[in-house]
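Engineer: Input target10.txt, format and content: compact mmCIF, C-alpha atoms.
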```txt
# COMPACT_ATOMS: atom_id res chain seq x y z
CA MET C 221 12.94 23.40 5.55
CA HIS C 222 15.17 21.46 7.92
CA PHE C 223 13.55 19.82 10.92
CA ASN C 224 15.18 18.13 13.87
CA PRO C 225 15.55 14.35 13.39
CA TYR C 226 12.30 13.54 15.14
CA GLY C 227 10.27 16.34 13.60
CA GLY C 228 11.45 15.60 10.07
CA PRO C 229 11.91 11.96 9.17
CA ALA C 230 9.56 10.78 11.92
CA ALA C 231 6.77 13.06 10.71
CA LEU C 232 7.42 11.86 7.15
CA VAL C 233 7.11 8.27 8.38
CA ALA C 234 3.80 9.24 9.99
CA ALA C 235 2.52 10.68 6.70
CA ASP C 236 3.66 7.60 4.78
CA LEU C 237 1.91 5.31 7.27
CA VAL C 238 -1.30 7.31 6.96
CA ASN C 239 -1.10 7.01 3.16
CA ALA C 240 -0.11 3.32 3.04
CA GLY C 241 -2.57 0.87 1.57
CA SER C 242 -0.68 -2.37 2.27
CA ALA C 243 1.86 -3.94 4.59
CA SER C 244 4.60 -3.49 1.98
CA GLU C 245 3.75 0.23 1.68
CA LEU C 246 3.94 0.57 5.48
CA LEU C 247 7.41 -0.96 5.45
CA ASP C 248 8.50 1.07 2.40
CA GLY C 249 7.57 4.32 4.15
CA MET C 250 9.57 3.40 7.23
CA VAL C 251 12.65 2.30 5.29
CA ARG C 252 12.53 5.27 2.88
CA ASN C 253 12.66 7.64 5.86
CA GLY C 254 15.53 5.93 7.64
CA MET C 255 13.93 3.53 10.10
CA ALA C 256 15.93 0.37 10.66
CA ILE C 257 12.94 -1.96 10.40
CA ARG C 258 13.40 -4.45 7.57
CA ALA C 259 10.42 -6.77 7.99
CA LEU C 260 6.98 -6.90 9.61
CA THR C 261 4.87 -9.85 10.61
CA ASP C 262 1.23 -9.77 9.57
CA ASP C 263 0.25 -8.96 13.16
CA GLU C 264 2.78 -6.09 13.36
CA ALA C 265 1.58 -4.68 10.04
CA THR C 266 -2.04 -4.84 11.22
CA ARG C 267 -1.18 -3.09 14.48
CA ILE C 268 0.87 -0.40 12.71
CA ALA C 269 -1.96 0.15 10.21
CA GLY C 270 -4.28 0.66 13.19
CA TRP C 271 -1.81 3.19 14.60
CA ALA C 272 -1.78 4.95 11.22
CA GLY C 273 -5.52 5.41 11.60
CA ARG C 274 -4.80 7.21 14.87
CA LEU C 275 -2.26 9.47 13.11
CA ARG C 276 -4.59 10.65 10.32
CA PRO C 277 -6.65 13.04 12.51
CA VAL C 278 -3.46 14.96 13.36
CA PHE C 279 -2.92 15.73 9.67
CA ALA C 280 -6.60 16.59 9.13
CA ALA C 281 -6.93 18.86 12.18
CA VAL C 282 -6.46 22.60 12.31
CA ALA C 283 -3.19 23.63 13.95
CA GLU C 284 -4.87 24.69 17.22
CA ASP C 285 -6.32 21.19 17.74
CA ARG C 286 -3.12 19.26 17.01
CA PRO C 287 -1.44 19.49 20.45
CA GLU C 288 -4.26 17.63 22.19
CA LEU C 289 -4.35 14.94 19.50
CA VAL C 290 -0.58 14.45 19.65
CA ASN C 291 -0.62 14.40 23.47
CA ASP C 292 -3.06 11.48 23.27
CA LEU C 293 -0.66 9.67 20.92
CA LEU C 294 2.30 10.36 23.20
CA ALA C 295 0.38 9.01 26.18
CA GLU C 296 -0.55 5.87 24.28
CA ALA C 297 2.99 5.39 22.95
CA ALA C 298 4.31 5.81 26.52
CA CYS C 299 7.66 6.86 25.15
CA ARG C 300 10.67 7.68 27.25
CA PRO C 301 13.66 9.19 25.43
CA TYR C 302 17.18 7.89 25.83
CA ILE C 303 20.47 8.46 24.03
CA THR C 304 21.87 5.66 21.87
CA THR C 305 24.92 5.13 19.64
CA HIS C 306 23.95 2.07 17.60
CA ASP C 307 25.32 1.09 14.18
CA GLY C 308 28.30 3.45 14.42
CA LYS C 309 26.05 6.52 14.45
CA PRO C 310 26.83 9.51 16.69
CA PRO C 311 24.80 9.85 19.89
CA HIS C 312 21.15 10.47 19.11
CA LEU C 313 17.77 10.18 20.82
CA HIS C 314 15.47 7.20 20.66
CA TYR C 315 11.96 7.41 22.04
CA SER C 316 11.41 3.71 22.67
CA ALA C 317 13.33 0.96 24.37
CA ALA C 318 15.62 -1.14 22.18
CA ASP C 319 13.44 -4.19 22.88
CA ALA C 320 10.14 -2.41 22.12
CA GLY C 321 9.75 -4.22 18.80
CA PRO C 322 8.61 -2.64 15.54
CA VAL C 323 5.14 -1.62 16.73
CA GLY C 324 6.41 0.12 19.86
CA ARG C 325 9.22 1.77 17.94
CA VAL C 326 6.88 3.07 15.22
CA ARG C 327 4.41 4.40 17.76
CA ALA C 328 7.04 6.21 19.79
CA TYR C 329 8.92 7.51 16.74
CA THR C 330 5.88 8.91 14.95
CA ALA C 331 4.29 10.34 18.10
CA GLY C 332 7.59 12.01 19.04
CA GLY C 333 8.08 13.32 15.51
CA LEU C 334 4.62 14.79 15.30
CA ALA C 335 5.09 16.35 18.74
CA HIS C 336 8.26 18.11 17.63
CA LEU C 337 6.66 19.28 14.41
CA VAL C 338 3.48 20.51 16.12
CA CYS C 339 5.64 22.54 18.53
CA GLU C 340 7.99 23.90 15.86
CA ALA C 341 5.80 24.30 12.78
CA PRO C 342 2.19 23.19 13.31
CA ASP C 343 1.01 24.49 9.93
CA ARG C 344 3.32 22.13 8.04
CA LEU C 345 1.01 19.12 8.28
CA GLY C 346 -2.04 18.61 6.15
CA ILE C 347 -4.36 16.60 3.95
CA CYS C 348 -4.33 17.37 0.22
CA GLY C 349 -6.66 20.23 -0.78
CA ARG C 350 -7.81 18.54 -4.00
CA GLU C 351 -11.36 17.24 -3.69
CA GLY C 352 -11.30 13.46 -3.52
CA CYS C 353 -7.62 13.21 -2.54
CA GLU C 354 -7.06 12.17 1.06
CA THR C 355 -3.26 12.05 0.99
CA ALA C 356 -1.50 13.29 4.13
CA TYR C 357 1.67 15.35 3.72
CA VAL C 358 4.40 17.15 5.62
CA ASP C 359 5.18 20.51 4.04
CA THR C 360 8.95 20.69 3.62
CA SER C 361 8.80 23.63 1.20
CA ARG C 362 10.77 26.77 1.89
CA ASN C 363 7.76 29.07 2.31
CA GLY C 364 5.48 26.63 4.13
CA ARG C 365 2.37 27.36 2.07
CA ARG C 366 1.72 23.95 0.61
CA ARG C 367 -1.95 22.91 0.21
CA PHE C 368 -1.61 19.82 -1.97
CA CYS C 369 0.12 16.47 -1.61
CA SER C 370 1.87 16.76 -4.96
CA THR C 371 2.43 18.96 -7.97
CA ARG C 372 0.04 16.69 -9.86
CA CYS C 373 -2.88 17.46 -7.52
CA ALA C 374 -2.06 21.18 -7.46
CA THR C 375 -1.98 21.26 -11.26
CA ARG C 376 -5.31 19.46 -11.53
CA VAL C 377 -6.98 22.00 -9.24
CA HIS C 378 -5.40 25.00 -10.96
CA VAL C 379 -6.29 23.74 -14.46
CA ALA C 380 -9.88 23.05 -13.37
CA ASP C 381 -10.12 26.54 -11.83
CA HIS C 382 -8.72 28.08 -15.02
CA ARG C 383 -11.17 26.19 -17.20
CA ALA C 384 -14.07 27.19 -14.96
CA ARG C 385 -13.07 30.85 -15.27
CA GLN C 386 -12.87 30.53 -19.07
CA VAL C 387 -16.37 29.05 -19.29
CA SER C 388 -17.90 31.76 -17.10
CA ALA C 389 -16.12 34.59 -18.96
```
As structure tokens, please, write out the structure in this file.
Structural biologist:
Amino acid sequence: MHFNPYGGPAALVAADLVNAGSASELLDGMVRNGMAIRALTDDEATRIAGWAGRLRPVFAAVAEDRPELVNDLLAEAACRPYITTHDGKPPHLHYSAADAGPVGRVRAYTAGGLAHLVCEAPDRLGICGREGCETAYVDTSRNGRRRFCSTRCATRVHVADHRARQVSA
């Protein structure tokens, strides 16, 4: 599924931040999804990790509860869109001021991305359905019926279900 630039890559950044376990994983998730942030101070990483904790409930919530959660994030991010043409790119929207720094940019970008996704496809966010796995994901599949973070988790659940049926038969 194709999302607009804020609903797609920004929501993927949000999921990666939620799943990150270290400062390097925070940065890797941002870079992998196209953010132009190349380094974080320890303080910035700590503040972004705190923000990631605020993002997790959006992924865990049922679709009907997501708008209120995302509105709270938008209010906290205090983002104001503007059009920019940096680095030779065509005109595109940014949701934070150029001088907002990495923390402000991440907050505005992820809040804006989740807002677009919640408005366009609120069922495409989730937490893995395998017991014990807490990985957040954005469902980019064609049919939008994803319940697991990866094929590996889906296979584990399906194999366990199959084995349970074989034992009870």
Engineer: Which polymer residues, protein or nucleic acid, are no farther than 12 Å from (4.9, -5.0, 1.0), counting all atoms listed in the file, as number ranges by chain?
Structural biologist: C: 240-251, 258-262, 265
Engineer: What does the structure give for the distance between atom CA of Ala256 of chain C and atom CA of Leu337 of chain C, in Å to one decimal?
Structural biologist: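 Here the two named atoms are 21.4 Å from each other.
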Engineer: Hey, which of C:Glu351, C:Glu288, C:Glu296, C:Asp359 ends up closest to Ala235 of chain C? Count only C-alpha atoms.
Structural biologist: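 Comparing C:Glu351, C:Glu288, C:Glu296, C:Asp359 against Ala235 of chain C, the winner is C:Asp359.
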Engineer: Considering only C-alpha atoms, can you say which of C:Ala335, C:Leu275, C:Ala380, C:Ile257 comes closest to Tyr357 of chain C?
Structural biologist: C:Leu275
Engineer: Skipping near chain neighbours, those fewer than 6 positions away, what residues fall within 9 Å of Trp271 of chain C using all atoms listed in the file, listed as an MDAnalysis selection string?
Structural biologist: chainID C and resid 237:238 323 326:327
Engineer: Produce a file of the selected residues containing C-alpha atoms, as a PDB file, in the coordinates of the input.
Structural biologist:
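To be explicit, this is the file written out as result_16.pdb:
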```
ATOM      1  CA  LEU C 237       1.910   5.310   7.270  1.00  0.00           C
ATOM      2  CA  VAL C 238      -1.300   7.310   6.960  1.00  0.00           C
ATOM      3  CA  VAL C 323       5.140  -1.620  16.730  1.00  0.00           C
ATOM      4  CA  VAL C 326       6.880   3.070  15.220  1.00  0.00           C
ATOM      5  CA  ARG C 327       4.410   4.400  17.760  1.00  0.00           C
TER       6      ARG C 327
END
```
Engineer: Expressed in Å to a single decimal, how great is the separation between atom CA of Ala283 of chain C and atom CA of Asn239 of chain C?
Structural biologist: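 One can read the atom CA of Ala283 of chain C to atom CA of Asn239 of chain C distance as 19.9 Å.
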Engineer: Could you check which of C:Val387, C:Ala328, C:Gly254, C:Ile303 is closest to Tyr315 of chain C, using all atoms listed in the file?
Structural biologist: C:Ala328
Engineer: Please return the centre and edge lengths, in Å to one decimal, of a box with edges along x, y and z that contains all listed atoms of segment 248-264 of chain C, widened by 6 Å on every side, as JSON.
Structural biologist:
```
{"center_x": 8.1, "center_y": -1.1, "center_z": 7.9, "size_x": 27.7, "size_y": 29.5, "size_z": 23.0}
```
Engineer: Of the residues C:Thr330, C:Val290, C:Ser316, C:Ala356, which is the one nearest to Asn253 of chain C, using all atoms listed in the file?
Structural biologist: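 Looking only at the distances to Asn253 of chain C, the closest residue turns out to be C:Thr330.
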Engineer: With all atoms listed in the file as the atoms that count, which of C:Val379, C:Ala295, C:His306, C:Ala234 lies nearest to Ala272 of chain C?
Structural biologist: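 With all atoms listed in the file as the atom set, the closest residue is C:Ala234.
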Engineer: Would you pick out the contacts of segment 342-344 of chain C at 12 Å or less, using all atoms listed in the file, so that residues sharing its chain but fewer than 2 positions from it are not included, and give the list as JSON, numbers by chain?
Structural biologist: {"C": [221, 222, 223, 227, 228, 231, 232, 235, 278, 279, 280, 281, 282, 283, 284, 285, 286, 287, 290, 333, 334, 335, 336, 337, 338, 339, 340, 346, 347, 348, 356, 357, 358, 359, 360, 361, 362, 363, 364, 365, 366, 367, 368, 369]}
Engineer: Rounded to one decimal in Å, what is the spacing between atom CA of Arg350 of chain C and atom CA of Asn291 of chain C?
Structural biologist: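 Atom CA of Asn291 of chain C lies at a distance of 28.7 Å from atom CA of Arg350 of chain C.
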Engineer: Using the structure block above, produce a file of segment 224-376 of chain C that contains C-alpha atoms, as an mmCIF file, in the first residue's frame.
Structural biologist:
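File written: decode_31.cif
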```
data_model
loop_
_atom_site.group_PDB
_atom_site.id
_atom_site.type_symbol
_atom_site.label_atom_id
_atom_site.label_comp_id
_atom_site.auth_asym_id
_atom_site.auth_seq_id
_atom_site.Cartn_x
_atom_site.Cartn_y
_atom_site.Cartn_z
ATOM 1 C CA ASN C 224 1.481 9.870 1.546
ATOM 2 C CA PRO C 225 5.008 10.859 2.644
ATOM 3 C CA TYR C 226 3.974 11.630 6.198
ATOM 4 C CA GLY C 227 1.667 8.659 6.632
ATOM 5 C CA GLY C 228 4.188 6.182 5.257
ATOM 6 C CA PRO C 229 7.814 6.788 6.154
ATOM 7 C CA ALA C 230 6.915 8.856 9.221
ATOM 8 C CA ALA C 231 4.683 6.105 10.595
ATOM 9 C CA LEU C 232 7.458 3.584 9.879
ATOM 10 C CA VAL C 233 9.873 5.801 11.819
ATOM 11 C CA ALA C 234 7.362 5.828 14.681
ATOM 12 C CA ALA C 235 7.207 2.015 14.682
ATOM 13 C CA ASP C 236 10.997 1.743 14.568
ATOM 14 C CA LEU C 237 11.330 4.163 17.488
ATOM 15 C CA VAL C 238 8.822 2.166 19.519
ATOM 16 C CA ASN C 239 10.804 -1.020 18.809
ATOM 17 C CA ALA C 240 14.280 0.461 19.382
ATOM 18 C CA GLY C 241 16.279 -0.786 22.323
ATOM 19 C CA SER C 242 19.274 1.548 22.046
ATOM 20 C CA ALA C 243 20.338 4.958 20.796
ATOM 21 C CA SER C 244 21.912 3.384 17.702
ATOM 22 C CA GLU C 245 18.638 1.574 16.918
ATOM 23 C CA LEU C 246 16.742 4.868 17.272
ATOM 24 C CA LEU C 247 19.073 6.487 14.758
ATOM 25 C CA ASP C 248 19.019 3.452 12.434
ATOM 26 C CA GLY C 249 15.209 3.579 12.265
ATOM 27 C CA MET C 250 15.241 7.255 11.368
ATOM 28 C CA VAL C 251 17.932 6.920 8.705
ATOM 29 C CA ARG C 252 16.430 3.737 7.207
ATOM 30 C CA ASN C 253 13.155 5.591 6.648
ATOM 31 C CA GLY C 254 14.673 8.679 5.062
ATOM 32 C CA MET C 255 15.150 11.153 7.893
ATOM 33 C CA ALA C 256 18.186 13.378 7.460
ATOM 34 C CA ILE C 257 19.387 12.982 11.047
ATOM 35 C CA ARG C 258 22.876 11.490 11.144
ATOM 36 C CA ALA C 259 23.790 11.692 14.826
ATOM 37 C CA LEU C 260 22.163 12.057 18.251
ATOM 38 C CA THR C 261 23.603 13.272 21.508
ATOM 39 C CA ASP C 262 22.921 11.150 24.576
ATOM 40 C CA ASP C 263 20.368 13.718 25.741
ATOM 41 C CA GLU C 264 18.593 13.731 22.353
ATOM 42 C CA ALA C 265 18.497 9.928 22.287
ATOM 43 C CA THR C 266 17.042 9.861 25.812
ATOM 44 C CA ARG C 267 14.381 12.410 24.894
ATOM 45 C CA ILE C 268 13.481 10.585 21.662
ATOM 46 C CA ALA C 269 13.274 7.273 23.550
ATOM 47 C CA GLY C 270 10.852 8.988 25.949
ATOM 48 C CA TRP C 271 8.814 10.153 22.960
ATOM 49 C CA ALA C 272 8.815 6.581 21.634
ATOM 50 C CA GLY C 273 7.147 5.547 24.878
ATOM 51 C CA ARG C 274 4.399 8.048 24.076
ATOM 52 C CA LEU C 275 4.000 6.541 20.575
ATOM 53 C CA ARG C 276 3.542 2.919 21.717
ATOM 54 C CA PRO C 277 -0.063 3.365 22.982
ATOM 55 C CA VAL C 278 -1.118 4.488 19.487
ATOM 56 C CA PHE C 279 0.008 1.141 18.059
ATOM 57 C CA ALA C 280 -1.572 -0.819 20.922
ATOM 58 C CA ALA C 281 -4.938 0.988 20.834
ATOM 59 C CA VAL C 282 -8.030 -0.035 18.929
ATOM 60 C CA ALA C 283 -8.659 2.120 15.853
ATOM 61 C CA GLU C 284 -11.483 4.097 17.506
ATOM 62 C CA ASP C 285 -9.174 5.291 20.309
ATOM 63 C CA ARG C 286 -6.265 6.337 18.083
ATOM 64 C CA PRO C 287 -7.476 9.836 17.067
ATOM 65 C CA GLU C 288 -7.498 11.098 20.655
ATOM 66 C CA LEU C 289 -4.054 9.617 21.359
ATOM 67 C CA VAL C 290 -2.596 11.141 18.191
ATOM 68 C CA ASN C 291 -4.236 14.512 18.902
ATOM 69 C CA ASP C 292 -2.396 14.553 22.236
ATOM 70 C CA LEU C 293 0.880 13.874 20.404
ATOM 71 C CA LEU C 294 0.170 16.602 17.859
ATOM 72 C CA ALA C 295 -0.559 19.079 20.638
ATOM 73 C CA GLU C 296 2.668 18.182 22.409
ATOM 74 C CA ALA C 297 4.704 18.317 19.196
ATOM 75 C CA ALA C 298 3.175 21.748 18.453
ATOM 76 C CA CYS C 299 3.871 21.256 14.781
ATOM 77 C CA ARG C 300 3.146 23.797 12.110
ATOM 78 C CA PRO C 301 3.552 22.641 8.502
ATOM 79 C CA TYR C 302 5.517 24.578 5.927
ATOM 80 C CA ILE C 303 6.800 23.854 2.431
ATOM 81 C CA THR C 304 10.531 23.360 1.926
ATOM 82 C CA THR C 305 12.863 22.565 -0.993
ATOM 83 C CA HIS C 306 16.073 21.498 0.764
ATOM 84 C CA ASP C 307 18.803 19.260 -0.662
ATOM 85 C CA GLY C 308 17.577 19.622 -4.252
ATOM 86 C CA LYS C 309 14.294 17.870 -3.461
ATOM 87 C CA PRO C 310 11.010 19.077 -4.977
ATOM 88 C CA PRO C 311 8.717 21.122 -2.731
ATOM 89 C CA HIS C 312 7.448 19.048 0.165
ATOM 90 C CA LEU C 313 5.944 19.564 3.615
ATOM 91 C CA HIS C 314 7.863 19.694 6.853
ATOM 92 C CA TYR C 315 6.048 19.714 10.162
ATOM 93 C CA SER C 316 8.744 21.356 12.253
ATOM 94 C CA ALA C 317 10.900 24.431 11.923
ATOM 95 C CA ALA C 318 14.322 23.955 10.340
ATOM 96 C CA ASP C 319 15.957 24.913 13.638
ATOM 97 C CA ALA C 320 13.802 22.565 15.757
ATOM 98 C CA GLY C 321 16.678 20.131 16.270
ATOM 99 C CA PRO C 322 16.434 16.347 16.100
ATOM 100 C CA VAL C 323 14.018 15.932 19.013
ATOM 101 C CA GLY C 324 11.544 18.507 17.705
ATOM 102 C CA ARG C 325 11.813 17.145 14.187
ATOM 103 C CA VAL C 326 11.216 13.552 15.297
ATOM 104 C CA ARG C 327 8.238 14.534 17.424
ATOM 105 C CA ALA C 328 6.590 16.554 14.677
ATOM 106 C CA TYR C 329 7.383 14.025 11.934
ATOM 107 C CA THR C 330 6.084 10.988 13.802
ATOM 108 C CA ALA C 331 3.011 12.756 15.197
ATOM 109 C CA GLY C 332 2.168 14.076 11.719
ATOM 110 C CA GLY C 333 2.746 10.672 10.142
ATOM 111 C CA LEU C 334 0.569 8.865 12.629
ATOM 112 C CA ALA C 335 -2.127 11.520 12.176
ATOM 113 C CA HIS C 336 -2.201 10.957 8.416
ATOM 114 C CA LEU C 337 -2.253 7.194 8.830
ATOM 115 C CA VAL C 338 -4.985 7.259 11.491
ATOM 116 C CA CYS C 339 -7.122 9.381 9.148
ATOM 117 C CA GLU C 340 -6.417 7.323 6.022
ATOM 118 C CA ALA C 341 -6.051 3.752 7.304
ATOM 119 C CA PRO C 342 -6.407 3.445 11.092
ATOM 120 C CA ASP C 343 -6.377 -0.371 11.037
ATOM 121 C CA ARG C 344 -2.867 -0.479 9.591
ATOM 122 C CA LEU C 345 -1.101 0.024 12.923
ATOM 123 C CA GLY C 346 -0.632 -2.667 15.500
ATOM 124 C CA ILE C 347 1.350 -4.669 18.014
ATOM 125 C CA CYS C 348 2.338 -8.210 17.037
ATOM 126 C CA GLY C 349 -0.332 -10.821 17.805
ATOM 127 C CA ARG C 350 2.172 -13.462 18.962
ATOM 128 C CA GLU C 351 2.084 -13.883 22.732
ATOM 129 C CA GLY C 352 5.238 -12.419 24.224
ATOM 130 C CA CYS C 353 6.115 -10.274 21.189
ATOM 131 C CA GLU C 354 5.576 -6.563 21.729
ATOM 132 C CA THR C 355 6.835 -5.358 18.349
ATOM 133 C CA ALA C 356 4.925 -2.452 16.805
ATOM 134 C CA TYR C 357 4.301 -2.493 13.058
ATOM 135 C CA VAL C 358 2.747 -0.552 10.204
ATOM 136 C CA ASP C 359 0.811 -2.847 7.879
ATOM 137 C CA THR C 360 1.965 -2.065 4.342
ATOM 138 C CA SER C 361 0.485 -5.251 2.879
ATOM 139 C CA ARG C 362 -1.902 -5.089 -0.037
ATOM 140 C CA ASN C 363 -4.924 -6.479 1.818
ATOM 141 C CA GLY C 364 -4.327 -4.771 5.166
ATOM 142 C CA ARG C 365 -4.960 -7.844 7.307
ATOM 143 C CA ARG C 366 -1.619 -8.174 9.012
ATOM 144 C CA ARG C 367 -1.648 -9.356 12.664
ATOM 145 C CA PHE C 368 2.028 -10.102 13.221
ATOM 146 C CA CYS C 369 5.227 -8.081 13.081
ATOM 147 C CA SER C 370 6.966 -10.571 10.807
ATOM 148 C CA THR C 371 6.584 -13.803 8.904
ATOM 149 C CA ARG C 372 8.640 -15.458 11.637
ATOM 150 C CA CYS C 373 6.092 -14.595 14.362
ATOM 151 C CA ALA C 374 3.153 -15.555 12.132
ATOM 152 C CA THR C 375 4.769 -18.915 11.375
ATOM 153 C CA ARG C 376 5.437 -19.610 15.053
#
```
